[in-house]
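A.B. asks: Below is a structure I'd like to ask you about.
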Amino acid sequence: MQERLIGLYREHFGQAPSAVLALAGDGSNRAYRRLLGSENAPVIGVMGPDHEENRAFLSFTRAFRSIDLPVPEIIADDEEGGVYLLEDLGDTTLFDALDESRAEAGGAFPDAMVSVYRDVVCWLPRFQVRGGRVVDYSVAYPREAFDRQSILWDLNYFKYHFLKLAHVPFSEARLEHDFETLIEFLLAADRDHFLYRDFQSRNVMLQDGSPRFIDYQGGRRGALPYDIASLLYDAKADLPPELRSSLLESYLEALRQETPVDQDRFHLLYRGYVVVRIMQALGAYGYRGFFERKPRFLRSVPFAARNLRALLDEGLPVEVPELERVFGHIAASWSAPDAVPTHA
């Protein structure tokens with residue numbers, strides 16, 4: 001596929017790149033290259049073996065750029081060949097900037113990052129509401145909407161790739177009953193907006209201090225609370241609880257500029273979407289860490305476990321006793337900073 005990528009560059013720029021540099025992957029099957037040219041600015045080349053995923057990304061990007069949302073420009077694409085060229089947004093993700101600033105601040109959440117996060121959360125409603133009006137949901141992959149089936153996939157992802165591989169004890173029958181209860185609760189939300197699906201700190205680039213957004217190819221029609229829950233409970237970002245609350249209010253203020261909001265109902269449903277998002281993330285950590293043998297993903301488990309402990313202290317928004325017991329086991333086992341699960 002790299003030869004196809006170089007061919008696309010040559011076709012667009014009239015010459016071959018002077019250098020092709022491999023970039024770290026994002027946990028998916030896509031591969032990234034930075035292509036350099038003596039007379040052209042660097043561009044990012046993407047090699048994606050999943051054609052449906054590529055089609056969703058390219059379609060959503062064109063839709064977002066049509067309404068001036070800050071996503072990368074598509075330089076050229078060969079959809080049939082599974083390769084495309086994007087504007088180079090640099091190397092600094094929101095997480096990288098936070099991690100560096102936090103180290104300089106001695107581990108505390110750095111004041112300088114608060115305004116950056118506030119800027120990011122204020123962009124989100126524009127993607128969800130304005131973006132939701134212009135995207136073509138027929139290309140959404142793997143499903144057009146975050147519906148019952150999508151939620152069940154996430155819950156089973158958690159069950160099979162985290163609970164079972166980490167040897168967390170549970171009653172299959174009682175857990176399935178709780179899954180149904182949680183699904184019914186989540187489906188009560190208005191699900192007619194764009195759901196970014198993976199709105200977290202590694203999918204926001206900072207270019208000259210301003211956010212640019214990437215990796216929305218898994219987007220689909222869905223509920224507003226999911227994405228803000230994803231960002232605010234992004235495990236390794238480890239946002240302080242008071243900052244989470246403040247950023248949520250900033251988000252809601254920006255959301256009210258786009259669409260009417262029943263704030264009390266939003267807060268209730270938001271807590272349910274926090275639950276399912278943490279479960280989805282734990283499933284991903286288990287799959288990547290236990291099954292694919294990438295231990296760095298398991299290092300996020302203690303952060304997620306501490307988030308679960310905080311949710312339990314606050315009280316879950318719906319009665320799910322077996323799930324609550326499972327969460328308690330995870331919180332008790334892996335909340336310590338160095339309590340990384342290692343057995344599968």
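For the structure tokens, the naming scheme is as follows: chains receive sequential letters (A, B, ...) according to their order of presentation, residues are indexed from 1 within each chain, and ligands are indexed from 1 in presentation order.
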Could you give me, as a PyMOL selection string, the residues within 12 Å of A:Thr61, counting only C-alpha atoms and dropping anything in the same chain fewer than 6 positions from it?
C.D. replies: chain A and resi 54-55+67-75+86-87+127+131+134-136+196+212-217+219
A.B. asks: As JSON, numbers by chain, please: the residues near stretch 226-239 of chain A (cut-off 8 Å, only C-alpha atoms, same-chain neighbours under 4 positions excluded).
C.D. replies: {"A": [95, 98, 99, 109, 121, 124, 195, 196, 197, 198, 199, 200, 201, 243, 244, 247, 248, 251, 270, 273, 274, 277, 278, 300, 301, 303, 304, 307]}
A.B. asks: Filtering to C-alpha atoms, could you give me those residues as a short mmCIF file (atom, residue, chain, number, x, y, z; two decimals), in the first residue's frame?
C.D. replies:
```
data_model
loop_
_atom_site.label_atom_id
_atom_site.label_comp_id
_atom_site.auth_asym_id
_atom_site.auth_seq_id
_atom_site.Cartn_x
_atom_site.Cartn_y
_atom_site.Cartn_z
CA PHE A 95 -3.06 14.51 25.48
CA LEU A 98 -1.52 17.94 28.80
CA ASP A 99 1.06 15.29 29.68
CA PHE A 109 -3.54 19.65 36.38
CA VAL A 121 -15.64 21.33 24.59
CA LEU A 124 -18.09 19.76 20.21
CA LEU A 195 -22.00 11.11 17.60
CA TYR A 196 -18.24 11.51 17.11
CA ARG A 197 -17.79 8.16 18.91
CA ASP A 198 -14.14 8.57 20.01
CA PHE A 199 -13.98 12.16 21.23
CA GLN A 200 -10.91 11.97 23.46
CA SER A 201 -7.63 13.76 24.02
CA LEU A 243 -12.79 20.61 36.31
CA ARG A 244 -15.04 17.95 34.80
CA LEU A 247 -16.17 21.85 31.53
CA LEU A 248 -19.55 20.12 31.39
CA TYR A 251 -20.24 22.45 27.02
CA TYR A 270 -25.12 11.92 30.85
CA TYR A 273 -23.46 7.52 29.04
CA VAL A 274 -20.45 7.97 31.35
CA ARG A 277 -18.26 4.89 27.81
CA ILE A 278 -16.06 3.67 30.67
CA SER A 300 -4.97 2.95 31.55
CA VAL A 301 -6.99 0.51 33.68
CA PHE A 303 -7.48 5.48 35.81
CA ALA A 304 -10.72 3.88 34.61
CA ASN A 307 -13.46 6.74 37.62
#
```
A.B. asks: Extract, using only C-alpha atoms, all DNA, RNA and protein residues at most 8 Å from A:His12, discarding same-chain residues fewer than 3 positions from it, and format them as a ChimeraX atom specification.
C.D. replies: /A:8-9,76
A.B. asks: Measure the distance from atom CA of A:Asp208 to atom CA of A:Gly90 in Å and round it to one decimal.
C.D. replies: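 Between atom CA of A:Asp208 and atom CA of A:Gly90 the gap works out to 9.4 Å.
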A.B. asks: Please provide as a list in words all residues within 8 Å of stretch 173-181 of chain A, with the sequence filter that same-chain residues fewer than 4 positions apart are discarded (counting only C-alpha atoms).
C.D. replies: Leu152, Leu155, Phe185, Val318, Glu319, Val320, Pro321, Glu322 and Leu323 of chain A
A.B. asks: Using the selection just defined, write its residues with all heavy atoms as a short mmCIF file (atom, residue, chain, number, x, y, z; two decimals), in the first residue's frame.
C.D. replies:
```cif
data_model
loop_
_atom_site.label_atom_id
_atom_site.label_comp_id
_atom_site.auth_asym_id
_atom_site.auth_seq_id
_atom_site.Cartn_x
_atom_site.Cartn_y
_atom_site.Cartn_z
N LEU A 152 -25.23 -2.77 22.74
CA LEU A 152 -25.01 -4.15 23.17
C LEU A 152 -23.61 -4.62 22.78
O LEU A 152 -22.94 -5.33 23.56
CB LEU A 152 -26.07 -5.07 22.57
CG LEU A 152 -26.06 -6.52 23.06
CD1 LEU A 152 -26.21 -6.59 24.58
CD2 LEU A 152 -27.15 -7.33 22.38
N LEU A 155 -21.28 -3.24 25.40
CA LEU A 155 -21.41 -3.93 26.69
C LEU A 155 -20.77 -5.32 26.63
O LEU A 155 -20.09 -5.74 27.57
CB LEU A 155 -22.87 -4.02 27.10
CG LEU A 155 -23.60 -2.68 27.26
CD1 LEU A 155 -25.03 -2.90 27.75
CD2 LEU A 155 -22.86 -1.74 28.20
N PHE A 185 -32.45 2.50 29.43
CA PHE A 185 -32.21 3.84 29.98
C PHE A 185 -31.52 4.72 28.94
O PHE A 185 -31.93 5.86 28.70
CB PHE A 185 -31.35 3.72 31.23
CG PHE A 185 -31.00 5.04 31.86
CD1 PHE A 185 -31.91 5.71 32.65
CD2 PHE A 185 -29.75 5.62 31.66
CE1 PHE A 185 -31.60 6.94 33.24
CE2 PHE A 185 -29.42 6.83 32.24
CZ PHE A 185 -30.35 7.50 33.02
N VAL A 318 -29.20 4.30 37.32
CA VAL A 318 -30.22 3.29 37.11
C VAL A 318 -29.84 2.07 37.95
O VAL A 318 -28.66 1.86 38.25
CB VAL A 318 -30.33 2.95 35.60
CG1 VAL A 318 -29.04 2.33 35.09
CG2 VAL A 318 -31.52 2.07 35.30
N GLU A 319 -30.82 1.28 38.35
CA GLU A 319 -30.56 0.15 39.25
C GLU A 319 -30.04 -1.05 38.47
O GLU A 319 -30.77 -1.70 37.73
CB GLU A 319 -31.84 -0.24 40.00
CG GLU A 319 -31.57 -1.17 41.16
CD GLU A 319 -32.77 -1.32 42.08
OE1 GLU A 319 -33.51 -0.34 42.24
OE2 GLU A 319 -32.97 -2.43 42.61
N VAL A 320 -28.74 -1.32 38.63
CA VAL A 320 -28.07 -2.43 37.95
C VAL A 320 -27.16 -3.13 38.97
O VAL A 320 -25.94 -2.96 38.95
CB VAL A 320 -27.27 -1.94 36.72
CG1 VAL A 320 -28.17 -1.68 35.53
CG2 VAL A 320 -26.48 -0.67 37.05
N PRO A 321 -27.73 -3.95 39.86
CA PRO A 321 -26.97 -4.47 41.01
C PRO A 321 -25.76 -5.33 40.64
O PRO A 321 -24.72 -5.24 41.30
CB PRO A 321 -28.01 -5.27 41.81
CG PRO A 321 -29.15 -5.47 40.87
CD PRO A 321 -29.15 -4.33 39.92
N GLU A 322 -25.88 -6.18 39.63
CA GLU A 322 -24.73 -7.02 39.28
C GLU A 322 -23.62 -6.20 38.65
O GLU A 322 -22.44 -6.40 38.94
CB GLU A 322 -25.16 -8.15 38.33
CG GLU A 322 -24.05 -9.13 37.98
CD GLU A 322 -23.57 -9.96 39.17
OE1 GLU A 322 -24.17 -9.88 40.26
OE2 GLU A 322 -22.57 -10.70 39.01
N LEU A 323 -24.00 -5.26 37.83
CA LEU A 323 -23.01 -4.37 37.22
C LEU A 323 -22.33 -3.53 38.30
O LEU A 323 -21.11 -3.31 38.27
CB LEU A 323 -23.69 -3.48 36.17
CG LEU A 323 -22.78 -2.72 35.21
CD1 LEU A 323 -21.80 -3.65 34.50
CD2 LEU A 323 -23.63 -1.96 34.19
#
```
A.B. asks: Would you please give, as a list in words, all residues of stretch 8-84 of chain A that DSSP assigns to alpha helix (DSSP H) based on the backbone?
C.D. replies: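 These are the residues in question: Leu8, Tyr9, Arg10, Glu11, His12, Phe13, His51, Glu52, Glu53, Asn54, Arg55, Ala56, Phe57, Leu58, Ser59, Phe60, Thr61, Arg62, Ala63, Phe64, Arg65 and Ser66 of chain A.
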A.B. asks: Would you kindly return, as a PyMOL selection string, each protein, DNA or RNA residue with an atom no farther than 9 Å from any atom of A:Ala19, considering only C-alpha atoms and excluding same-chain residues fewer than 3 positions away?
C.D. replies: chain A and resi 16+34-37
A.B. asks: Would you please work out which residue, of A:Gly106, A:Gly45, A:Gly14, A:Gly132, is nearest to A:Thr259 when using only C-alpha atoms?
C.D. replies: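 Checking each candidate against A:Thr259, we get A:Gly132 as the closest.
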A.B. asks: Env of A:Ala112: 12 Å cut, atoms = only C-alpha atoms, seq-sep filter 5 positions within chain, self excluded. Answer as a tab-separated table (two decimals) with N, CA, C and O atoms, in the first residue's frame.
C.D. replies:
```tsv
chain	number	residue	atom	x	y	z
A	97	ALA	N	0.08	17.52	24.95
A	97	ALA	CA	0.25	18.84	25.56
A	97	ALA	C	-0.08	18.80	27.04
A	97	ALA	O	0.62	19.39	27.87
A	98	LEU	N	-1.14	18.08	27.39
A	98	LEU	CA	-1.52	17.94	28.80
A	98	LEU	C	-0.44	17.20	29.57
A	98	LEU	O	-0.04	17.60	30.68
A	100	GLU	N	2.77	16.85	28.95
A	100	GLU	CA	3.97	17.67	29.10
A	100	GLU	C	3.77	18.78	30.13
A	100	GLU	O	4.61	19.01	31.00
A	101	SER	N	2.62	19.45	30.04
A	101	SER	CA	2.34	20.54	30.99
A	101	SER	C	2.19	20.02	32.40
A	101	SER	O	2.61	20.66	33.37
A	102	ARG	N	1.58	18.86	32.53
A	102	ARG	CA	1.38	18.27	33.86
A	102	ARG	C	2.73	17.90	34.49
A	102	ARG	O	2.93	18.08	35.70
A	104	GLU	N	5.53	19.39	33.96
A	104	GLU	CA	6.15	20.65	34.37
A	104	GLU	C	5.50	21.21	35.64
A	104	GLU	O	6.15	21.90	36.42
A	105	ALA	N	4.22	20.88	35.84
A	105	ALA	CA	3.49	21.37	37.01
A	105	ALA	C	3.61	20.42	38.20
A	105	ALA	O	2.91	20.58	39.20
A	117	TYR	N	-8.89	23.07	27.05
A	117	TYR	CA	-9.99	22.12	27.18
A	117	TYR	C	-11.34	22.81	26.98
A	117	TYR	O	-12.26	22.27	26.36
A	118	ARG	N	-11.45	24.04	27.51
A	118	ARG	CA	-12.72	24.75	27.37
A	118	ARG	C	-13.01	25.04	25.89
A	118	ARG	O	-14.14	24.95	25.43
A	209	GLY	N	-1.63	26.11	19.01
A	209	GLY	CA	-2.47	26.29	20.19
A	209	GLY	C	-3.95	26.11	19.96
A	209	GLY	O	-4.73	26.13	20.92
```
A.B. asks: So that I can check the surroundings of A:Leu255, please list as a PyMOL selection string every protein, DNA and RNA residue that reaches within 12 Å of it, counting only C-alpha atoms and ignoring chain neighbours fewer than 2 positions away.
C.D. replies: chain A and resi 121-130+193+224-225+228+248-253+257-263+266
A.B. asks: Can you tell me, as a list in words, which residues in stretch 99-243 of chain A count as strand (DSSP E or B) by DSSP?
C.D. replies: Ala145, His193, Phe194, Leu195, Val204, Met205, Leu206, Gln207, Ser210, Pro211, Arg212, Phe213, Arg220, Arg221 and Gly222 of chain A
A.B. asks: Go through A:Glu292, A:Glu324, A:Leu21, A:Leu206 and flag the residue nearest A:Asp119, using only C-alpha atoms for the distances.
C.D. replies: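 Closest residue, counting only C-alpha atoms: A:Leu206.
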A.B. asks: Taking only C-alpha atoms into account, which of A:His267, A:Arg133, A:Arg299, A:Arg30 comes nearest A:Ala339?
C.D. replies: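 Looking at the shortest contact to A:Ala339, the residue is A:Arg299.
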A.B. asks: For a quick check of understanding, using only C-alpha atoms, which of A:Arg256, A:Phe162, A:Glu172, A:Leu186 has the smallest distance to A:Leu268?
C.D. replies: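 Among the listed residues, A:Leu186 lies closest to A:Leu268.
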A.B. asks: Could you check how far atom CA of A:Gly82 sits from atom CA of A:Ala56, in Å to one decimal?
C.D. replies: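 Calculated distance between atom CA of A:Gly82 and atom CA of A:Ala56 is 12.2 Å.
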A.B. asks: In terms of the shortest atom-to-atom distance over only C-alpha atoms, which of A:Leu89, A:Ala331, A:Ala166, A:Gly25 is closest to A:Val204?
C.D. replies: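 Residue with the minimum atom-to-atom distance to A:Val204: A:Leu89.
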